[in-house]
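**Student:** My structure is stored as model_14.tsv, with TSV, C-alpha atoms and all ligand atoms.
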chain	number	residue	atom	x	y	z
A	1	MET	CA	87.37	28.54	85.66
A	2	ASN	CA	90.97	27.61	84.99
A	3	ILE	CA	93.27	30.60	84.75
A	4	GLY	CA	96.67	30.42	83.08
A	5	ILE	CA	99.07	33.26	83.77
A	6	ILE	CA	101.87	34.07	81.33
A	7	GLY	CA	104.73	35.99	82.96
A	8	PHE	CA	105.10	35.90	86.71
A	9	GLY	CA	106.95	39.06	87.66
A	10	ASN	CA	105.30	41.81	89.62
A	11	MET	CA	101.97	41.81	87.80
A	12	GLY	CA	101.68	38.03	87.49
A	13	LYS	CA	101.84	37.84	91.28
A	14	VAL	CA	99.32	40.67	91.67
A	15	HIS	CA	96.89	38.81	89.39
A	16	ALA	CA	97.39	35.52	91.23
A	17	PHE	CA	96.76	37.31	94.53
A	18	SER	CA	93.56	38.84	93.11
A	19	VAL	CA	92.26	35.50	91.81
A	20	GLU	CA	92.87	33.79	95.15
A	21	ASN	CA	91.25	36.52	97.23
A	22	LEU	CA	88.19	37.45	95.15
A	23	LYS	CA	85.93	35.33	97.34
A	24	TYR	CA	86.60	37.52	100.36
A	25	PHE	CA	85.78	40.75	98.57
A	26	TYR	CA	82.74	39.85	96.44
A	27	ASN	CA	79.47	38.08	97.24
A	28	ASP	CA	78.76	36.86	93.73
A	29	ILE	CA	81.60	34.39	93.21
A	30	ASP	CA	79.39	31.51	92.02
A	31	PHE	CA	82.16	30.41	89.67
A	32	ASP	CA	85.36	28.80	90.83
A	33	PRO	CA	88.48	30.70	89.74
A	34	VAL	CA	91.46	28.35	89.89
A	35	LEU	CA	95.16	29.20	89.56
A	36	TYR	CA	95.59	26.45	87.03
A	37	GLY	CA	98.76	27.13	85.10
A	38	VAL	CA	101.76	29.39	84.75
A	39	ALA	CA	104.27	29.95	81.96
A	40	ALA	CA	107.27	32.23	82.08
A	41	SER	CA	110.47	32.91	80.17
A	42	SER	CA	111.72	29.36	80.85
A	43	ALA	CA	110.27	26.01	81.83
A	44	GLU	CA	112.43	26.07	84.96
A	45	SER	CA	111.13	29.40	86.22
A	46	ALA	CA	107.53	28.34	85.49
A	47	ALA	CA	108.09	25.16	87.53
A	48	ALA	CA	109.42	27.22	90.42
A	49	TYR	CA	106.43	29.60	90.28
A	50	ALA	CA	103.97	26.69	90.13
A	51	GLU	CA	105.53	25.11	93.19
A	52	GLY	CA	105.90	28.37	95.09
A	53	TYR	CA	102.46	29.80	94.39
A	54	GLY	CA	100.20	26.75	94.16
A	55	PHE	CA	99.47	26.53	90.44
A	56	LYS	CA	98.30	23.07	89.41
A	57	ARG	CA	100.56	23.02	86.38
A	58	ALA	CA	103.73	24.60	85.04
A	59	PHE	CA	103.82	24.96	81.28
A	60	SER	CA	107.11	24.72	79.43
A	61	SER	CA	106.16	27.65	77.19
A	62	PRO	CA	103.45	30.32	76.84
A	63	GLU	CA	102.36	28.63	73.59
A	64	GLU	CA	101.77	25.34	75.42
A	65	LEU	CA	99.67	27.13	78.05
A	66	ILE	CA	97.62	28.91	75.38
A	67	ARG	CA	96.96	25.66	73.49
A	68	SER	CA	95.96	23.70	76.58
A	69	PRO	CA	92.25	22.76	76.41
A	70	GLU	CA	92.16	22.96	80.22
A	71	VAL	CA	92.87	26.71	80.28
A	72	ASP	CA	89.71	28.88	80.20
A	73	VAL	CA	91.33	32.28	80.72
A	74	VAL	CA	94.72	33.31	79.34
A	75	ASP	CA	96.09	36.06	81.56
A	76	ILE	CA	98.98	37.92	79.89
A	77	CYS	CA	101.48	39.51	82.29
A	78	ALA	CA	104.60	39.29	80.14
A	79	PRO	CA	106.61	42.28	78.84
A	80	ASN	CA	104.71	44.26	76.21
A	81	VAL	CA	106.55	43.09	73.09
A	82	TYR	CA	105.25	39.53	73.63
A	83	HIS	CA	101.60	40.53	74.02
A	84	TYR	CA	100.82	40.53	70.29
A	85	ASP	CA	101.92	36.93	69.62
A	86	PHE	CA	100.26	35.63	72.78
A	87	LEU	CA	97.04	37.53	72.05
A	88	LYS	CA	96.92	36.26	68.48
A	89	ALA	CA	97.54	32.66	69.51
A	90	ALA	CA	94.99	32.86	72.34
A	91	LEU	CA	92.36	34.36	70.01
A	92	GLU	CA	93.01	31.58	67.50
A	93	CYS	CA	92.33	29.07	70.30
A	94	GLY	CA	89.11	30.91	71.26
A	95	LYS	CA	90.37	31.69	74.76
A	96	ASN	CA	89.04	34.34	77.08
A	97	ILE	CA	91.89	36.83	77.52
A	98	TYR	CA	92.80	39.15	80.37
A	99	CYS	CA	95.74	41.21	79.15
A	100	GLU	CA	97.88	43.65	81.06
A	101	LYS	CA	98.12	47.13	79.61
A	102	PRO	CA	99.16	48.22	77.04
A	103	LEU	CA	97.29	45.89	74.69
A	104	THR	CA	100.37	45.49	72.50
A	105	GLY	CA	102.20	48.80	72.87
A	106	PHE	CA	102.12	49.24	69.09
A	107	ARG	CA	99.10	50.99	67.53
A	108	ASP	CA	98.78	48.95	64.34
A	109	SER	CA	99.20	45.63	66.14
A	110	SER	CA	96.55	46.63	68.66
A	111	VAL	CA	94.11	47.60	65.91
A	112	GLU	CA	94.64	44.20	64.27
A	113	ILE	CA	94.12	42.37	67.58
A	114	CYS	CA	90.91	44.35	68.16
A	115	SER	CA	89.43	43.31	64.85
A	116	LEU	CA	90.43	39.67	65.40
A	117	ALA	CA	88.81	39.73	68.86
A	118	LYS	CA	85.62	41.21	67.42
A	119	LYS	CA	85.23	38.17	65.19
A	120	GLY	CA	85.45	35.74	68.12
A	121	LYS	CA	83.07	35.00	70.95
A	122	SER	CA	85.46	34.98	73.87
A	123	VAL	CA	85.56	37.57	76.64
A	124	CYS	CA	88.60	39.84	76.30
A	125	GLY	CA	89.79	42.75	78.39
A	126	VAL	CA	92.72	44.94	79.33
A	127	VAL	CA	93.87	45.77	82.84
A	128	PHE	CA	93.22	49.49	83.21
A	129	ASN	CA	92.92	49.01	86.93
A	130	THR	CA	92.82	52.74	87.70
A	131	ARG	CA	89.21	52.71	86.47
A	132	PHE	CA	88.33	50.49	89.41
A	133	LEU	CA	89.74	52.76	92.10
A	134	LEU	CA	86.72	53.79	94.11
A	135	PRO	CA	87.24	57.57	93.72
A	136	VAL	CA	87.44	57.05	89.94
A	137	VAL	CA	84.18	55.06	90.07
A	138	ARG	CA	82.59	57.97	92.00
A	139	ALA	CA	84.07	60.55	89.61
A	140	LYS	CA	82.54	58.73	86.65
A	141	GLU	CA	79.15	58.65	88.39
A	142	LEU	CA	79.32	62.38	89.17
A	143	ILE	CA	80.34	63.25	85.61
A	144	ASN	CA	77.53	61.09	84.19
A	145	ASP	CA	75.06	62.77	86.57
A	146	GLY	CA	76.08	66.15	85.16
A	147	ALA	CA	77.72	67.37	88.37
A	148	LEU	CA	80.49	69.09	86.40
A	149	GLY	CA	78.37	70.22	83.48
A	150	ARG	CA	80.36	70.62	80.29
A	151	ILE	CA	83.99	69.61	80.85
A	152	LEU	CA	86.34	72.44	79.94
A	153	SER	CA	89.75	71.28	81.01
A	154	PHE	CA	91.69	68.50	82.77
A	155	ASN	CA	95.13	67.55	84.06
A	156	ILE	CA	96.11	63.93	84.43
A	157	SER	CA	99.50	63.01	85.85
A	158	PHE	CA	101.19	59.70	86.52
A	159	LEU	CA	104.47	60.40	88.23
A	160	HIS	CA	107.16	58.05	89.50
A	161	SER	CA	110.75	58.70	90.58
A	162	SER	CA	112.00	55.19	89.78
A	163	ALA	CA	114.21	56.27	86.84
A	164	LEU	CA	116.18	58.77	88.93
A	165	THR	CA	118.57	55.95	89.84
A	166	PRO	CA	121.30	55.40	87.23
A	167	TYR	CA	120.50	51.66	87.30
A	168	ALA	CA	116.96	51.98	85.85
A	169	THR	CA	117.77	49.87	82.82
A	170	GLY	CA	115.09	47.20	82.53
A	171	TRP	CA	112.84	46.31	79.61
A	172	LYS	CA	110.68	49.38	80.28
A	173	GLN	CA	113.69	51.51	79.23
A	174	ASP	CA	113.79	49.85	75.81
A	175	LYS	CA	111.25	50.77	73.14
A	176	ASN	CA	111.85	47.50	71.32
A	177	ILE	CA	110.39	45.61	74.27
A	178	CYS	CA	108.09	48.19	75.86
A	179	GLY	CA	106.70	49.70	72.66
A	180	GLY	CA	107.89	53.13	73.77
A	181	GLY	CA	108.93	54.71	77.02
A	182	VAL	CA	106.97	56.06	79.93
A	183	LEU	CA	104.25	57.28	77.56
A	184	VAL	CA	103.40	53.67	76.71
A	185	ASP	CA	104.01	52.37	80.21
A	186	LEU	CA	102.20	54.98	82.37
A	187	GLY	CA	100.67	57.05	79.59
A	188	SER	CA	98.44	54.16	78.51
A	189	HIS	CA	96.63	54.48	81.88
A	190	ALA	CA	96.46	58.28	81.58
A	191	ALA	CA	95.17	58.25	78.00
A	192	ASP	CA	92.56	55.65	78.88
A	193	LEU	CA	91.37	57.69	81.83
A	194	ALA	CA	91.18	60.90	79.80
A	195	LEU	CA	89.04	59.11	77.20
A	196	TYR	CA	86.93	57.40	79.87
A	197	LEU	CA	86.25	60.40	82.09
A	198	CYS	CA	86.58	63.43	79.82
A	199	GLY	CA	85.66	62.39	76.27
A	200	ASN	CA	87.11	61.72	72.88
A	201	ILE	CA	90.54	63.22	72.23
A	202	SER	CA	90.79	64.63	68.72
A	203	HIS	CA	94.24	66.27	68.66
A	204	VAL	CA	97.39	66.10	70.75
A	205	SER	CA	100.74	67.79	70.86
A	206	GLY	CA	103.53	66.22	72.84
A	207	LYS	CA	107.09	66.52	74.03
A	208	SER	CA	109.24	63.67	75.25
A	209	GLN	CA	112.21	63.95	77.59
A	210	ILE	CA	115.20	61.73	78.13
A	211	ALA	CA	117.07	63.34	80.99
A	212	PHE	CA	119.60	60.54	81.54
A	213	PRO	CA	120.74	59.24	78.14
A	214	LYS	CA	123.62	57.33	79.77
A	215	ARG	CA	122.89	54.92	82.57
A	216	LEU	CA	124.81	52.17	84.33
A	217	SER	CA	124.13	48.53	83.61
A	218	ARG	CA	124.18	46.12	86.56
A	219	ASP	CA	127.63	44.84	85.56
A	220	GLY	CA	129.03	48.39	85.79
A	221	GLY	CA	129.04	49.05	82.03
A	222	GLU	CA	127.33	51.89	80.21
A	223	TYR	CA	123.69	51.58	79.14
A	224	LYS	CA	122.39	54.08	76.62
A	225	ILE	CA	118.78	55.22	76.71
A	226	THR	CA	118.08	55.97	73.08
A	227	ASN	CA	114.44	55.30	72.39
A	228	ALA	CA	112.40	55.19	75.60
A	229	ASP	CA	111.17	58.50	76.96
A	230	GLU	CA	111.63	59.02	80.71
A	231	ALA	CA	108.95	61.72	80.85
A	232	PHE	CA	106.30	62.85	78.42
A	233	TYR	CA	104.23	66.05	78.39
A	234	MET	CA	101.09	66.17	76.27
A	235	THR	CA	98.37	68.70	75.51
A	236	ALA	CA	95.13	67.14	74.30
A	237	THR	CA	92.12	68.74	72.64
A	238	LEU	CA	88.81	66.94	72.88
A	239	ASP	CA	86.01	66.77	70.29
A	240	SER	CA	84.03	68.96	72.70
A	241	GLY	CA	86.67	71.70	72.54
A	242	ALA	CA	87.92	70.96	76.07
A	243	VAL	CA	91.70	71.06	76.46
A	244	GLY	CA	93.68	68.92	78.87
A	245	GLN	CA	97.21	68.10	79.84
A	246	ILE	CA	98.76	64.73	80.50
A	247	CYS	CA	102.11	64.42	82.23
A	248	VAL	CA	103.74	61.03	82.79
A	249	SER	CA	107.19	60.57	84.20
A	250	LYS	CA	109.63	58.34	86.02
A	251	ILE	CA	112.02	61.18	86.81
A	252	HIS	CA	109.94	63.29	89.20
A	253	ALA	CA	111.70	63.36	92.57
A	254	GLY	CA	109.63	62.69	95.67
A	255	THR	CA	106.87	60.88	93.82
A	256	ASN	CA	106.01	57.27	94.50
A	257	ASP	CA	102.98	56.16	92.56
A	258	ASP	CA	101.49	59.62	92.15
A	259	PHE	CA	98.58	59.10	89.85
A	260	SER	CA	96.29	62.12	89.99
A	261	PHE	CA	93.70	64.03	88.04
A	262	GLU	CA	91.86	67.33	88.07
A	263	ILE	CA	88.79	67.83	85.91
A	264	TYR	CA	87.23	71.26	85.53
A	265	GLY	CA	83.72	71.76	84.20
A	266	GLU	CA	81.23	74.61	83.83
A	267	ARG	CA	79.46	73.62	87.04
A	268	GLY	CA	82.20	72.17	89.20
A	269	ALA	CA	85.49	70.34	89.50
A	270	LEU	CA	86.96	67.04	90.67
A	271	ARG	CA	90.36	66.24	92.10
A	272	PHE	CA	91.98	62.94	93.07
A	273	SER	CA	95.41	61.70	94.03
A	274	LEU	CA	96.30	58.03	94.46
A	275	MET	CA	98.54	59.08	97.34
A	276	GLU	CA	95.30	60.12	99.14
A	277	PRO	CA	93.26	57.14	97.96
A	278	ASN	CA	90.39	57.45	100.41
A	279	TRP	CA	89.07	60.74	99.06
A	280	LEU	CA	87.62	62.28	95.93
A	281	LEU	CA	87.48	66.08	96.07
A	282	TYR	CA	84.43	67.73	94.53
A	283	TYR	CA	83.80	71.43	94.01
A	284	ASP	CA	80.28	72.62	93.31
A	285	SER	CA	80.30	76.01	91.57
A	286	SER	CA	76.76	76.82	92.64
A	287	GLU	CA	76.21	79.38	95.39
A	288	ASN	CA	76.04	76.67	98.01
A	289	GLY	CA	79.28	75.06	96.84
A	290	MET	CA	81.12	78.38	96.84
A	291	LYS	CA	80.53	78.58	100.59
A	292	THR	CA	82.04	75.18	101.32
A	293	GLY	CA	84.88	75.01	98.80
A	294	PHE	CA	86.10	71.59	97.77
A	295	THR	CA	84.19	68.82	99.56
A	296	LYS	CA	86.06	65.65	100.48
A	297	ILE	CA	83.89	62.76	99.38
A	298	GLU	CA	84.69	59.79	101.58
A	299	CYS	CA	85.34	56.74	99.41
A	300	VAL	CA	87.35	54.40	101.67
A	301	GLY	CA	85.99	50.84	101.19
A	302	ARG	CA	82.48	51.72	100.07
A	303	TYR	CA	82.48	49.65	96.91
A	304	PRO	CA	78.98	49.09	95.53
A	305	SER	CA	77.25	45.69	95.48
A	306	PRO	CA	78.18	42.88	94.88
A	307	SER	CA	81.13	43.92	97.02
A	308	SER	CA	81.03	41.95	100.26
A	309	GLY	CA	82.11	45.00	102.21
A	310	PHE	CA	85.28	43.12	103.20
A	311	PRO	CA	87.39	44.11	105.06
A	312	GLY	CA	84.83	46.73	106.13
A	313	GLN	CA	83.20	49.54	104.14
A	314	LYS	CA	84.74	52.09	106.45
A	315	ALA	CA	88.20	50.51	106.20
A	316	PRO	CA	90.60	52.98	104.61
A	317	VAL	CA	92.59	51.84	101.61
A	318	GLY	CA	95.71	50.23	103.06
A	319	TRP	CA	94.18	48.99	106.33
A	320	LEU	CA	94.30	45.38	105.19
A	321	ARG	CA	98.01	45.73	104.49
A	322	GLY	CA	98.62	46.34	108.20
A	323	GLN	CA	96.73	43.12	109.04
A	324	LEU	CA	98.87	41.19	106.56
A	325	GLY	CA	102.00	42.73	108.08
A	326	SER	CA	100.96	41.63	111.55
A	327	MET	CA	100.10	38.07	110.47
A	328	HIS	CA	103.33	37.74	108.53
A	329	SER	CA	105.43	38.95	111.43
A	330	PHE	CA	103.70	36.57	113.89
A	331	LEU	CA	103.92	33.46	111.70
A	332	ARG	CA	107.55	34.29	110.88
A	333	CYS	CA	108.27	34.24	114.64
A	334	VAL	CA	106.38	30.94	115.11
A	335	SER	CA	108.42	29.41	112.32
A	336	ASP	CA	111.73	30.87	113.57
A	337	LYS	CA	110.87	30.20	117.23
A	338	THR	CA	111.57	33.85	118.11
A	339	GLU	CA	109.70	36.33	120.25
A	340	PHE	CA	106.89	38.33	118.68
A	341	THR	CA	105.96	41.89	119.51
A	342	PRO	CA	103.43	43.35	120.27
A	343	SER	CA	103.55	40.83	123.12
A	344	PHE	CA	101.04	39.87	125.82
A	345	TYR	CA	103.09	42.14	128.08
A	346	ASP	CA	102.54	45.12	125.72
A	347	ALA	CA	98.80	44.41	125.60
A	348	ALA	CA	98.50	44.09	129.38
A	349	ARG	CA	100.26	47.45	129.87
A	350	ALA	CA	97.73	49.09	127.53
A	351	GLU	CA	94.95	47.57	129.67
A	352	CYS	CA	96.53	49.04	132.80
A	353	VAL	CA	96.12	52.49	131.21
A	354	ILE	CA	92.48	51.73	130.35
A	355	GLU	CA	91.74	50.50	133.86
A	356	ALA	CA	93.18	53.72	135.33
A	357	ALA	CA	91.16	55.84	132.91
A	358	TYR	CA	87.89	54.16	134.04
A	359	ARG	CA	88.96	54.66	137.64
A	360	SER	CA	89.49	58.36	136.95
A	361	ASP	CA	86.10	58.60	135.24
A	362	ASN	CA	84.50	57.23	138.44
A	363	SER	CA	86.57	59.16	140.94
A	364	GLN	CA	86.50	62.46	139.00
A	365	ARG	CA	90.21	62.93	139.72
A	366	GLU	CA	93.56	62.06	138.24
A	367	GLU	CA	94.56	58.42	138.88
A	368	ARG	CA	97.94	56.70	138.76
A	369	VAL	CA	98.38	53.93	136.18
A	370	ASN	CA	99.18	50.73	138.08
A	371	TYR	CA	101.62	48.84	135.92
A	372	PHE	CA	102.83	45.45	137.10
B	1	LIG	N1	98.17	47.57	85.38
B	1	LIG	C1	99.24	48.04	85.99
B	1	LIG	O1	99.14	48.89	86.87
B	1	LIG	C2	100.60	47.53	85.61
B	1	LIG	C3	101.69	47.78	86.44
B	1	LIG	C4	102.94	47.27	86.05
B	1	LIG	C5	103.06	46.54	84.86
B	1	LIG	N2	101.97	46.33	84.08
B	1	LIG	C6	102.07	45.54	82.84
B	1	LIG	O2	102.20	44.16	83.21
B	1	LIG	C7	103.05	43.49	82.30
B	1	LIG	C8	104.18	42.85	83.08
B	1	LIG	O3	104.87	43.87	83.76
B	1	LIG	P1	105.68	43.57	85.12
B	1	LIG	O4	105.91	44.88	85.75
B	1	LIG	O5	105.02	42.48	85.88
B	1	LIG	O6	107.05	43.04	84.50
B	1	LIG	P2	108.15	42.12	85.18
B	1	LIG	O7	109.41	42.39	84.46
B	1	LIG	O8	108.11	42.28	86.68
B	1	LIG	O9	107.63	40.65	84.89
B	1	LIG	C9	107.56	40.13	83.58
B	1	LIG	C10	107.59	38.62	83.67
B	1	LIG	O10	107.45	38.09	82.36
B	1	LIG	C11	108.39	37.04	82.19
B	1	LIG	N3	108.75	36.91	80.77
B	1	LIG	C12	109.74	37.54	80.09
B	1	LIG	N4	109.74	37.14	78.82
B	1	LIG	C13	108.74	36.25	78.70
B	1	LIG	C14	108.24	35.45	77.63
B	1	LIG	N5	108.77	35.52	76.41
B	1	LIG	N6	107.22	34.64	77.87
B	1	LIG	C15	106.65	34.56	79.09
B	1	LIG	N7	107.08	35.26	80.14
B	1	LIG	C16	108.10	36.11	79.94
B	1	LIG	C17	109.58	37.44	83.05
B	1	LIG	O11	110.32	36.31	83.41
B	1	LIG	C18	108.88	38.06	84.25
B	1	LIG	O12	108.54	37.07	85.20
B	1	LIG	C19	103.50	44.54	81.29
B	1	LIG	O13	102.68	44.47	80.15
B	1	LIG	C20	103.29	45.85	82.00
B	1	LIG	O14	103.03	46.93	81.13
B	1	LIG	C21	100.76	46.80	84.44
Please lay out the structure from this file as C-alpha cells.

**Tutor:**
Amino acid sequence: MNIGIIGFGNMGKVHAFSVENLKYFYNDIDFDPVLYGVAASSAESAAAYAEGYGFKRAFSSPEELIRSPEVDVVDICAPNVYHYDFLKAALECGKNIYCEKPLTGFRDSSVEICSLAKKGKSVCGVVFNTRFLLPVVRAKELINDGALGRILSFNISFLHSSALTPYATGWKQDKNICGGGVLVDLGSHAADLALYLCGNISHVSGKSQIAFPKRLSRDGGEYKITNADEAFYMTATLDSGAVGQICVSKIHAGTNDDFSFEIYGERGALRFSLMEPNWLLYYDSSENGMKTGFTKIECVGRYPSPSSGFPGQKAPVGWLRGQLGSMHSFLRCVSDKTEFTPSFYDAARAECVIEAAYRSDNSQREERVNYF
C-alpha cells in the first residue's frame, strides 16, 4: 500500500511516523503500508524529506505525486488552501485520500468535494484524530449505551497560548491560506466532536476575537492580523434542544494543547481534558452515583482489539515518549563518543539501596546502605 504524503511540516512527519509504527500497535496489519513518496512546496525540499525520512521517491510537485500510478493513498498535509485542488485532482485519479482537517476550510468547496467523492469508489477520510483518543472512544460508548440519558448541555474547548507571542504570523494567521482563523484551525475539531458526541447542531451564535491586530514579522516589520480570528466563542443549539458552548483560542495563557469537553445529560455527565489523557470522568446521577461523585474511568492504553496492547495496556499516555527519549540520548552519546547517564554507576548505587532494604527486611532493623 504505497502512501504519498503532500506537505511535510509538522503533520506530514506525524503521519509518516504513524505509518511506520502501525505494526507495533495493531495485530491486524496484513497489508504493507509503505512510505512511498513525498511532495512539498519545492522539488528540492521533497528530495531532502525523501532522503531524510526514507521515502522511496521524491516528487517534483504534488500534482506529479497524485498522478503517479504507483501511489495508492494520497495523504494531504499541506496548508488548507491547497487541499481543494489536491483533493479534486486525487479524486479524478481515483485515489484513496487521507486528508488533514479541515477538508478544505471553505464550506462550498468542501460540499463540492463531498459530492465528487460520493461518485467515486475510493476510500476517503479526514483526520479528526481527537475521535480516536481513548477517553473519547469510551465517552462515545457510554453515550450510546444511554449512560447520560438525554444530553442537555455541553462545553467543548480547544485552547492554546501559541498566539500570545507577537511573532505568531504563519499561514494559520491568514484567512486566505487557512480558510479562517482559529475557528477553522481548532474549531473544526471542536465542531466535529460536538456533532459526533452530542448530536446535530441546528443553530449557532458566535463571536470572534482578534486581540493582537498588529504583530511583528520575523524581519522586524509590522504584520497585520486582519482576517484570522485568534479566539472564537460559540453557542450552539442542537436539534434535540440541548445547548452547548464551544470556545477555541490561541490566546489563552497557560494552556498548551488544552482540548477538553464536558457533556451533561439527564442521567449523568462526562468530563475529559487532553492534559489528563489517561482518564475520562463519569458522573452517574443515580442514588449510587451521588455517593461517589465523579468516577475516574481509567483509559490509559486499553485500546480495544485489534490493538496489540503495545506498549502495554496499562501504559499511561506518554510513557513511550520517555522510552524514545532514553534511546535517543543513548544513541546520541554512542555517535558522539560521550558519556551517557544514567550510567552503570547510577544503576549499581540503586542496587546498593535495594540490597540494604532486603537486609533490613531480614534483620528487622535499620541497615546502612553500603555504597562502593
Ligand atoms: N489533526 C491535527 O491535529 C492537526 C494538527 C496540526 C495541523 N493539522 C492540519 O495539517 C495540515 C498541515 O499543517 P501543519 O501544521 O503540518 O503545517 P506546516 O506549516 O507545519 O507544514 C505544511 C507543509 O506543507 C508544505 N507546503 C506548503 N505549500 C505547499 C504546496 N503548495 N504543496 C505542497 N506542500 C506545501 C510546507 O512546505 C510544509 O512542509 C493543515 O491542513 C492543518 O490544518 C492538523

**Student:** Set the cut-off to 7 Å, count all atoms listed in the file, and list whatever residues fall near ligand LIG 1 (chain B) as a ChimeraX atom specification.

**Tutor:** /A:6-12,39-41,62,77-80,82,100-102,127-129,185

**Student:** Taking only C-alpha atoms into account, which of A:Gly94, A:Asn227, A:His83, A:Tyr167 comes nearest A:Ser109?

**Tutor:** A:His83

**Student:** Env of A:Val248: 7 Å cut, atoms = only C-alpha atoms, seq-sep filter 6 positions within chain, self excluded. Answer as a PyMOL selection string.

**Tutor:** chain A and resi 157-159+182-183+186-187+231-233

**Student:** What does the distance from atom CA of A:Lys207 to atom CA of A:Gly170 come to in Å, to one decimal?

**Tutor:** 22.6 Å

**Student:** When you look at A:Val126 with a cut-off of 12 Å (counting all atoms listed in the file), what residues show up, excluding the ones that are within fewer than 4 positions of it in the same chain? I need them as a ChimeraX atom specification.

**Tutor:** /A:74-77,83,87,96-104,110,114,130-131,188-189,192

**Student:** Write a file of the just-selected residues containing C-alpha atoms, as an mmCIF file, in the coordinates of the input.

**Tutor:**
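Written file, out06.cif:
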data_model
loop_
_atom_site.group_PDB
_atom_site.id
_atom_site.type_symbol
_atom_site.label_atom_id
_atom_site.label_comp_id
_atom_site.auth_asym_id
_atom_site.auth_seq_id
_atom_site.Cartn_x
_atom_site.Cartn_y
_atom_site.Cartn_z
ATOM 1 C CA VAL A 74 94.720 33.310 79.340
ATOM 2 C CA ASP A 75 96.090 36.060 81.560
ATOM 3 C CA ILE A 76 98.980 37.920 79.890
ATOM 4 C CA CYS A 77 101.480 39.510 82.290
ATOM 5 C CA HIS A 83 101.600 40.530 74.020
ATOM 6 C CA LEU A 87 97.040 37.530 72.050
ATOM 7 C CA ASN A 96 89.040 34.340 77.080
ATOM 8 C CA ILE A 97 91.890 36.830 77.520
ATOM 9 C CA TYR A 98 92.800 39.150 80.370
ATOM 10 C CA CYS A 99 95.740 41.210 79.150
ATOM 11 C CA GLU A 100 97.880 43.650 81.060
ATOM 12 C CA LYS A 101 98.120 47.130 79.610
ATOM 13 C CA PRO A 102 99.160 48.220 77.040
ATOM 14 C CA LEU A 103 97.290 45.890 74.690
ATOM 15 C CA THR A 104 100.370 45.490 72.500
ATOM 16 C CA SER A 110 96.550 46.630 68.660
ATOM 17 C CA CYS A 114 90.910 44.350 68.160
ATOM 18 C CA THR A 130 92.820 52.740 87.700
ATOM 19 C CA ARG A 131 89.210 52.710 86.470
ATOM 20 C CA SER A 188 98.440 54.160 78.510
ATOM 21 C CA HIS A 189 96.630 54.480 81.880
ATOM 22 C CA ASP A 192 92.560 55.650 78.880
#

**Student:** Considering all atoms listed in the file, tabulate each residue of stretch 122-163 of chain A that lies at most 7 Å from stretch 252-274 of chain A along with its nearest interatomic pair and the corresponding distance in Å to one decimal; arrange the rows by chain and ascending residue number and present them as JSON lines.

**Tutor:**
{"residue": "A:Ala147", "atom": "CA", "partner": "A:Gly268", "partner_atom": "CA", "distance": 6.6}
{"residue": "A:Leu148", "atom": "CA", "partner": "A:Gly268", "partner_atom": "CA", "distance": 4.5}
{"residue": "A:Gly149", "atom": "CA", "partner": "A:Arg267", "partner_atom": "CA", "distance": 5.0}
{"residue": "A:Arg150", "atom": "CA", "partner": "A:Gly265", "partner_atom": "CA", "distance": 5.3}
{"residue": "A:Ile151", "atom": "CA", "partner": "A:Gly265", "partner_atom": "CA", "distance": 4.0}
{"residue": "A:Leu152", "atom": "CA", "partner": "A:Gly265", "partner_atom": "CA", "distance": 5.0}
{"residue": "A:Ser153", "atom": "CA", "partner": "A:Tyr264", "partner_atom": "CA", "distance": 5.2}
{"residue": "A:Phe154", "atom": "CA", "partner": "A:Ile263", "partner_atom": "CA", "distance": 4.3}
{"residue": "A:Asn155", "atom": "CA", "partner": "A:Glu262", "partner_atom": "CA", "distance": 5.2}
{"residue": "A:Ile156", "atom": "CA", "partner": "A:Phe261", "partner_atom": "CA", "distance": 4.3}
{"residue": "A:Ser157", "atom": "CA", "partner": "A:Ser260", "partner_atom": "CA", "distance": 5.3}
{"residue": "A:Phe158", "atom": "CA", "partner": "A:Phe259", "partner_atom": "CA", "distance": 4.3}
{"residue": "A:Leu159", "atom": "CA", "partner": "A:Asp258", "partner_atom": "CA", "distance": 5.0}
{"residue": "A:His160", "atom": "CA", "partner": "A:Thr255", "partner_atom": "CA", "distance": 5.2}
{"residue": "A:Ser161", "atom": "CA", "partner": "A:His252", "partner_atom": "CA", "distance": 4.9}

**Student:** At most 12 Å is the cut-off: for each residue in stretch 215-326 of chain A with any atom that close to an atom of stretch 17-37 of chain A, write down the nearest atom pair and the distance in Å rounded to one decimal, counting all atoms listed in the file, chain first then increasing number, as JSON lines.

**Tutor:**
{"residue": "A:Gly301", "atom": "CA", "partner": "A:Phe25", "partner_atom": "CA", "distance": 10.4}
{"residue": "A:Arg302", "atom": "CA", "partner": "A:Phe25", "partner_atom": "CA", "distance": 11.6}
{"residue": "A:Tyr303", "atom": "CA", "partner": "A:Phe25", "partner_atom": "CA", "distance": 9.6}
{"residue": "A:Pro304", "atom": "CA", "partner": "A:Tyr26", "partner_atom": "CA", "distance": 10.0}
{"residue": "A:Ser305", "atom": "CA", "partner": "A:Tyr26", "partner_atom": "CA", "distance": 8.1}
{"residue": "A:Pro306", "atom": "CA", "partner": "A:Asn27", "partner_atom": "CA", "distance": 5.5}
{"residue": "A:Ser307", "atom": "CA", "partner": "A:Tyr26", "partner_atom": "CA", "distance": 4.4}
{"residue": "A:Ser308", "atom": "CA", "partner": "A:Tyr26", "partner_atom": "CA", "distance": 4.7}
{"residue": "A:Gly309", "atom": "CA", "partner": "A:Phe25", "partner_atom": "CA", "distance": 6.7}
{"residue": "A:Phe310", "atom": "CA", "partner": "A:Phe25", "partner_atom": "CA", "distance": 5.2}
{"residue": "A:Pro311", "atom": "CA", "partner": "A:Phe25", "partner_atom": "CA", "distance": 7.5}
{"residue": "A:Gly312", "atom": "CA", "partner": "A:Phe25", "partner_atom": "CA", "distance": 9.7}
{"residue": "A:Gln313", "atom": "CA", "partner": "A:Phe25", "partner_atom": "CA", "distance": 10.7}
{"residue": "A:Leu320", "atom": "CA", "partner": "A:Phe25", "partner_atom": "CA", "distance": 11.7}

**Student:** Using only C-alpha atoms, can you list as an MDAnalysis selection string the residues within 12 Å of (124.7, 50.3, 85.6)?

**Tutor:** chainID A and resid 165:170 214:225

**Student:** Which distance in Å separates atom CA of A:Asp72 and atom CA of A:Glu112, to one decimal?

**Tutor:**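 Straight-line distance from atom CA of A:Asp72 to atom CA of A:Glu112 works out to 22.6 Å.
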
**Student:** Tell me which protein, DNA and RNA residues are within 10 Å of A:Ala348, counting all atoms listed in the file, leaving out same-chain ones fewer than 5 positions away, and put them as an NGL selection string.

**Tutor:** :A and (343 or 353-354 or 371-372)
